[in-house]
$ cat model-v7.pdb   # PDB, C-alpha atoms
ATOM      1  CA  MET A 131      -3.170   6.313 -23.942
ATOM      2  CA  ARG A 132      -0.527   3.926 -25.313
ATOM      3  CA  CYS A 133      -1.369   0.227 -25.338
ATOM      4  CA  PRO A 134       0.930  -1.654 -22.909
ATOM      5  CA  TYR A 135       1.023  -4.613 -25.315
ATOM      6  CA  CYS A 136       1.667  -3.137 -28.778
ATOM      7  CA  ASN A 137       2.561   0.477 -27.834
ATOM      8  CA  THR A 138      -0.024   1.910 -30.262
ATOM      9  CA  ASP A 139      -1.727   5.158 -29.298
ATOM     10  CA  ASN A 140      -5.181   4.212 -30.546
ATOM     11  CA  ASP A 141      -7.760   2.837 -28.106
ATOM     12  CA  ARG A 142     -11.348   3.229 -27.052
ATOM     13  CA  VAL A 143     -12.896   3.367 -23.598
ATOM     14  CA  ILE A 144     -15.186   0.393 -22.984
ATOM     15  CA  ASP A 145     -16.218   1.135 -19.407
ATOM     16  CA  SER A 146     -15.656   4.056 -17.051
ATOM     17  CA  ARG A 147     -16.557   4.149 -13.357
ATOM     18  CA  SER A 148     -15.463   5.569 -10.052
ATOM     19  CA  ALA A 149     -12.758   3.432  -8.455
ATOM     20  CA  ALA A 150     -13.255   1.857  -5.028
ATOM     21  CA  ASP A 151     -11.332   4.645  -3.276
ATOM     22  CA  GLY A 152     -13.699   7.299  -4.707
ATOM     23  CA  PHE A 153     -10.772   9.536  -5.654
ATOM     24  CA  SER A 154     -10.031   8.098  -9.067
ATOM     25  CA  ILE A 155     -11.760   6.895 -12.199
ATOM     26  CA  ARG A 156     -11.193   3.357 -13.450
ATOM     27  CA  ARG A 157     -11.347   2.959 -17.223
ATOM     28  CA  ARG A 158     -11.364  -0.291 -19.211
ATOM     29  CA  ARG A 159      -9.850   0.300 -22.623
ATOM     30  CA  GLU A 160      -9.516  -1.746 -25.762
ATOM     31  CA  CYS A 161      -6.630  -1.240 -28.174
ATOM     32  CA  LEU A 162      -7.945  -0.768 -31.700
ATOM     33  CA  ALA A 163      -4.711  -2.163 -33.175
ATOM     34  CA  CYS A 164      -4.253  -5.447 -31.272
ATOM     35  CA  ALA A 165      -7.759  -5.749 -29.670
ATOM     36  CA  ARG A 166      -6.312  -6.436 -26.189
ATOM     37  CA  ARG A 167      -7.889  -4.824 -23.142
ATOM     38  CA  PHE A 168      -6.254  -2.987 -20.277
ATOM     39  CA  THR A 169      -7.238  -0.866 -17.280
ATOM     40  CA  THR A 170      -6.166   2.693 -16.537
ATOM     41  CA  TYR A 171      -6.808   4.941 -13.541
ATOM     42  CA  GLU A 172      -7.288   8.675 -13.726
ATOM     43  CA  ARG A 173      -6.535  10.746 -10.624
ATOM     44  CA  MET A 174      -6.900  14.413  -9.869
ATOM     45  CA  GLU A 175      -3.598  16.283  -9.845
ATOM     46  CA  GLU A 176      -2.962  17.805  -6.442
ATOM     47  CA  THR A 177      -0.235  19.742  -4.710
ATOM     48  CA  PRO A 178       2.468  17.121  -4.326
ATOM     49  CA  LEU A 179       3.028  15.802  -0.839
ATOM     50  CA  ARG A 180       6.668  15.453   0.156
ATOM     51  CA  VAL A 181       8.084  12.779   2.439
ATOM     52  CA  VAL A 182      10.692  13.707   5.033
ATOM     53  CA  LYS A 183      13.025  10.733   5.259
ATOM     54  CA  LYS A 184      15.052   9.583   8.298
ATOM     55  CA  ASP A 185      18.144  11.448   7.095
ATOM     56  CA  GLY A 186      16.159  14.701   6.736
ATOM     57  CA  SER A 187      16.033  14.637   2.950
ATOM     58  CA  ARG A 188      12.744  15.360   1.212
ATOM     59  CA  VAL A 189      11.374  13.372  -1.710
ATOM     60  CA  PRO A 190       8.024  13.474  -3.543
ATOM     61  CA  PHE A 191       5.392  11.127  -2.139
ATOM     62  CA  ASP A 192       5.141   7.990  -4.252
ATOM     63  CA  ARG A 193       2.288   5.574  -3.571
ATOM     64  CA  GLY A 194       4.290   2.974  -5.499
ATOM     65  CA  GLN A 195       6.847   2.907  -2.673
ATOM     66  CA  ILE A 196       4.150   1.894  -0.190
ATOM     67  CA  LEU A 197       2.883  -0.814  -2.513
ATOM     68  CA  LYS A 198       6.429  -2.051  -3.189
ATOM     69  CA  GLY A 199       7.182  -2.364   0.541
ATOM     70  CA  MET A 200       3.963  -4.264   1.198
ATOM     71  CA  LEU A 201       4.520  -6.563  -1.789
ATOM     72  CA  LYS A 202       7.928  -7.477  -0.393
ATOM     73  CA  ALA A 203       6.439  -8.157   3.059
ATOM     74  CA  CYS A 204       3.598 -10.224   1.555
ATOM     75  CA  GLU A 205       5.785 -12.409  -0.657
ATOM     76  CA  LYS A 206       4.495 -16.001  -0.627
ATOM     77  CA  ARG A 207       1.577 -14.995   1.618
ATOM     78  CA  PRO A 208      -2.132 -15.444   0.782
ATOM     79  CA  VAL A 209      -2.695 -11.702   0.259
ATOM     80  CA  SER A 210      -4.339 -10.434  -2.921
ATOM     81  CA  MET A 211      -3.072  -7.529  -4.973
ATOM     82  CA  GLU A 212      -6.548  -6.021  -4.612
ATOM     83  CA  ASP A 213      -6.159  -5.934  -0.811
ATOM     84  CA  LEU A 214      -2.774  -4.240  -1.124
ATOM     85  CA  GLU A 215      -4.198  -1.672  -3.560
ATOM     86  CA  LYS A 216      -7.025  -0.914  -1.117
ATOM     87  CA  ILE A 217      -4.559  -0.440   1.745
ATOM     88  CA  THR A 218      -2.392   1.812  -0.420
ATOM     89  CA  ALA A 219      -5.424   3.917  -1.368
ATOM     90  CA  THR A 220      -6.515   4.117   2.286
ATOM     91  CA  ILE A 221      -3.068   5.271   3.416
ATOM     92  CA  GLU A 222      -2.794   7.772   0.562
ATOM     93  CA  ARG A 223      -6.224   9.188   1.418
ATOM     94  CA  LYS A 224      -5.330   9.524   5.124
ATOM     95  CA  LEU A 225      -2.098  11.309   4.273
ATOM     96  CA  THR A 226      -3.706  13.790   1.889
ATOM     97  CA  GLU A 227      -6.463  14.518   4.430
ATOM     98  CA  MET A 228      -4.031  15.038   7.312
ATOM     99  CA  PHE A 229      -1.031  16.738   5.682
ATOM    100  CA  ASP A 230      -0.758  19.647   3.262
ATOM    101  CA  ARG A 231       2.887  19.642   2.266
ATOM    102  CA  GLU A 232       5.110  17.214   4.208
ATOM    103  CA  VAL A 233       4.831  13.985   6.144
ATOM    104  CA  GLY A 234       7.480  11.967   7.960
ATOM    105  CA  SER A 235       8.429   8.556   6.593
ATOM    106  CA  LYS A 236       8.080   7.165  10.135
ATOM    107  CA  TYR A 237       4.412   8.110  10.168
ATOM    108  CA  ILE A 238       3.819   6.469   6.792
ATOM    109  CA  GLY A 239       5.577   3.318   8.015
ATOM    110  CA  SER A 240       3.410   3.197  11.127
ATOM    111  CA  LEU A 241       0.248   3.447   8.974
ATOM    112  CA  VAL A 242       1.484   0.592   6.779
ATOM    113  CA  MET A 243       2.247  -1.543   9.850
ATOM    114  CA  GLU A 244      -1.189  -0.815  11.302
ATOM    115  CA  GLU A 245      -2.899  -1.973   8.103
ATOM    116  CA  LEU A 246      -0.668  -5.047   7.622
ATOM    117  CA  LYS A 247      -1.296  -6.096  11.231
ATOM    118  CA  LYS A 248      -5.027  -6.340  10.408
ATOM    119  CA  LEU A 249      -4.400  -8.129   7.106
ATOM    120  CA  ASP A 250      -1.617 -10.662   7.715
ATOM    121  CA  GLN A 251       0.483 -11.002  10.869
ATOM    122  CA  VAL A 252       3.454 -12.617   9.107
ATOM    123  CA  ALA A 253       3.581  -9.770   6.579
ATOM    124  CA  TYR A 254       3.292  -7.332   9.487
ATOM    125  CA  VAL A 255       6.307  -8.841  11.261
ATOM    126  CA  ARG A 256       8.321  -8.905   8.022
ATOM    127  CA  PHE A 257       7.568  -5.249   7.356
ATOM    128  CA  ALA A 258       8.246  -4.266  10.966
ATOM    129  CA  SER A 259      11.623  -6.016  10.963
ATOM    130  CA  VAL A 260      12.784  -3.873   8.032
ATOM    131  CA  TYR A 261      10.986  -0.675   9.023
ATOM    132  CA  ARG A 262      12.150  -0.700  12.643
ATOM    133  CA  GLU A 263      15.619  -1.981  11.722
ATOM    134  CA  PHE A 264      15.829  -4.639  14.432
ATOM    135  CA  LYS A 265      19.405  -4.915  15.692
ATOM    136  CA  ASP A 266      19.018  -8.251  17.464
ATOM    137  CA  VAL A 267      16.666 -11.131  18.160
ATOM    138  CA  GLU A 268      15.437  -9.544  21.411
ATOM    139  CA  GLN A 269      13.908  -6.602  19.532
ATOM    140  CA  PHE A 270      12.241  -9.074  17.176
ATOM    141  CA  VAL A 271      10.798 -11.053  20.112
ATOM    142  CA  GLN A 272       9.492  -7.824  21.695
ATOM    143  CA  GLU A 273       7.543  -7.108  18.500
ATOM    144  CA  LEU A 274       6.117 -10.652  18.441
ATOM    145  CA  ARG A 275       5.145 -10.779  22.125
ATOM    146  CA  PRO A 276       1.857  -8.780  21.800
ATOM    147  CA  LEU A 277       0.803 -10.868  18.797
ATOM    148  CA  LEU A 278       1.454 -14.110  20.641
ATOM    149  CA  GLU A 279      -0.360 -12.885  23.753
ATOM    150  CA  ASN A 280      -3.383 -11.976  21.607
ATOM    151  CA  GLN A 281      -3.446 -15.485  20.110
ATOM    152  CA  VAL A 282      -3.175 -17.149  23.514
ATOM    153  CA  SER A 283      -5.944 -14.995  25.015
ATOM    154  CA  SER A 284      -8.254 -15.559  22.026
ATOM    155  CA  ARG A 285      -7.739 -19.331  22.197
ATOM    156  CA  SER A 286      -8.501 -19.435  25.911
ATOM    157  CA  GLY A 287     -11.667 -17.393  25.431
ATOM    158  CA  GLY A 288     -10.193 -14.114  26.695
ATOM    159  CA  THR A 289      -9.517 -15.381  30.230
ATOM    160  CA  ALA A 290      -6.041 -15.442  31.639
TER     161      ALA A 290
END
$ encode --input "model-v7.pdb" --output "structure tokens"
Amino acid sequence: MRCPYCNTDNDRVIDSRSAADGFSIRRRRECLACARRFTTYERMEETPLRVVKKDGSRVPFDRGQILKGMLKACEKRPVSMEDLEKITATIERKLTEMFDREVGSKYIGSLVMEELKKLDQVAYVRFASVYREFKDVEQFVQELRPLLENQVSSRSGGTA
């Protein structure tokens, strides 16, 4: 493994344990050249899942795309990188359990929205506005309406 700091290919494993998702191994390493530490993850190689995009094209599944979309939606929000990694791992696990070869990008987007809705409502609305490609303010308001109704009913003790 090359050190991300000095690019030397000489390190030792300090600690090795199963990652939180249970499907990977987390390793703490120390570079023997510069003495800096870094973390790597080892995952089992599987049959690659392909994503069917809106235009019908097929691309290899990339968990980084999910993380990138959520990072954009969570910009300047009090959401930790650890939470986003957990969500990404959860979504990846669901997809590999449910699909053998191909999955639609719409389904992946709906899973991301479901998880963001639980985590941070502002991030959820940001993601939904891009994912659903709102054409006007009315579509945006329709997405917000259930969230606002939930807040009103929870403040009034569930009575309408």
$ residues_around --input "model-v7.pdb" --residues "stretch 154-160 of chain A" --least-positions-apart "4" --cutoff "9 Å" --atoms "only C-alpha atoms" --output "PyMOL selection string"
chain A and resi 133+140-150+164-174
$ atom_distance --input "model-v7.pdb" --atom1 "atom CA of A:Gly194" --atom2 "atom CA of A:Gln269"
28.5 Å
$ resolve_selection --input "model-v7.pdb" --expression "the PyMOL selection byres ((chain A and resi 221-238) around 6)" --output "count of residues only"
11
$ closest_residue --input "model-v7.pdb" --among "A:Val189, A:Ala163, A:Val209, A:Ala258" --to "A:Val271" --atoms "all atoms listed in the file"
A:Ala258
$ closest_residue --input "model-v7.pdb" --among "A:Gln195, A:Gln251, A:Ser187, A:Thr177" --to "A:Pro208" --atoms "only C-alpha atoms"
A:Gln251
$ resolve_selection --input "model-v7.pdb" --expression "the PyMOL selection byres ((chain A and resi 204) around 9)" --output "compact mmCIF listing (two decimals) with C-alpha atoms, keeping the file's coordinate frame"
# COMPACT_ATOMS: atom_id res chain seq x y z
CA GLY A 199 7.18 -2.36 0.54
CA MET A 200 3.96 -4.26 1.20
CA LEU A 201 4.52 -6.56 -1.79
CA LYS A 202 7.93 -7.48 -0.39
CA ALA A 203 6.44 -8.16 3.06
CA GLU A 205 5.78 -12.41 -0.66
CA LYS A 206 4.50 -16.00 -0.63
CA ARG A 207 1.58 -15.00 1.62
CA PRO A 208 -2.13 -15.44 0.78
CA VAL A 209 -2.70 -11.70 0.26
CA ASP A 250 -1.62 -10.66 7.72
CA VAL A 252 3.45 -12.62 9.11
CA ALA A 253 3.58 -9.77 6.58
CA TYR A 254 3.29 -7.33 9.49
CA ARG A 256 8.32 -8.90 8.02
CA PHE A 257 7.57 -5.25 7.36
$ atom_distance --input "model-v7.pdb" --atom1 "atom CA of A:Lys248" --atom2 "atom CA of A:Tyr261"
17.0 Å
$ closest_residue --input "model-v7.pdb" --among "A:Gly186, A:Asp213, A:Leu162, A:Phe153" --to "A:Met131" --atoms "all atoms listed in the file"
A:Leu162
$ atom_distance --input "model-v7.pdb" --atom1 "atom CA of A:Leu197" --atom2 "atom CA of A:Lys216"
10.0 Å
$ closest_residue --input "model-v7.pdb" --among "A:Val255, A:Met243, A:Cys161, A:Met211" --to "A:Arg275" --atoms "only C-alpha atoms"
A:Val255
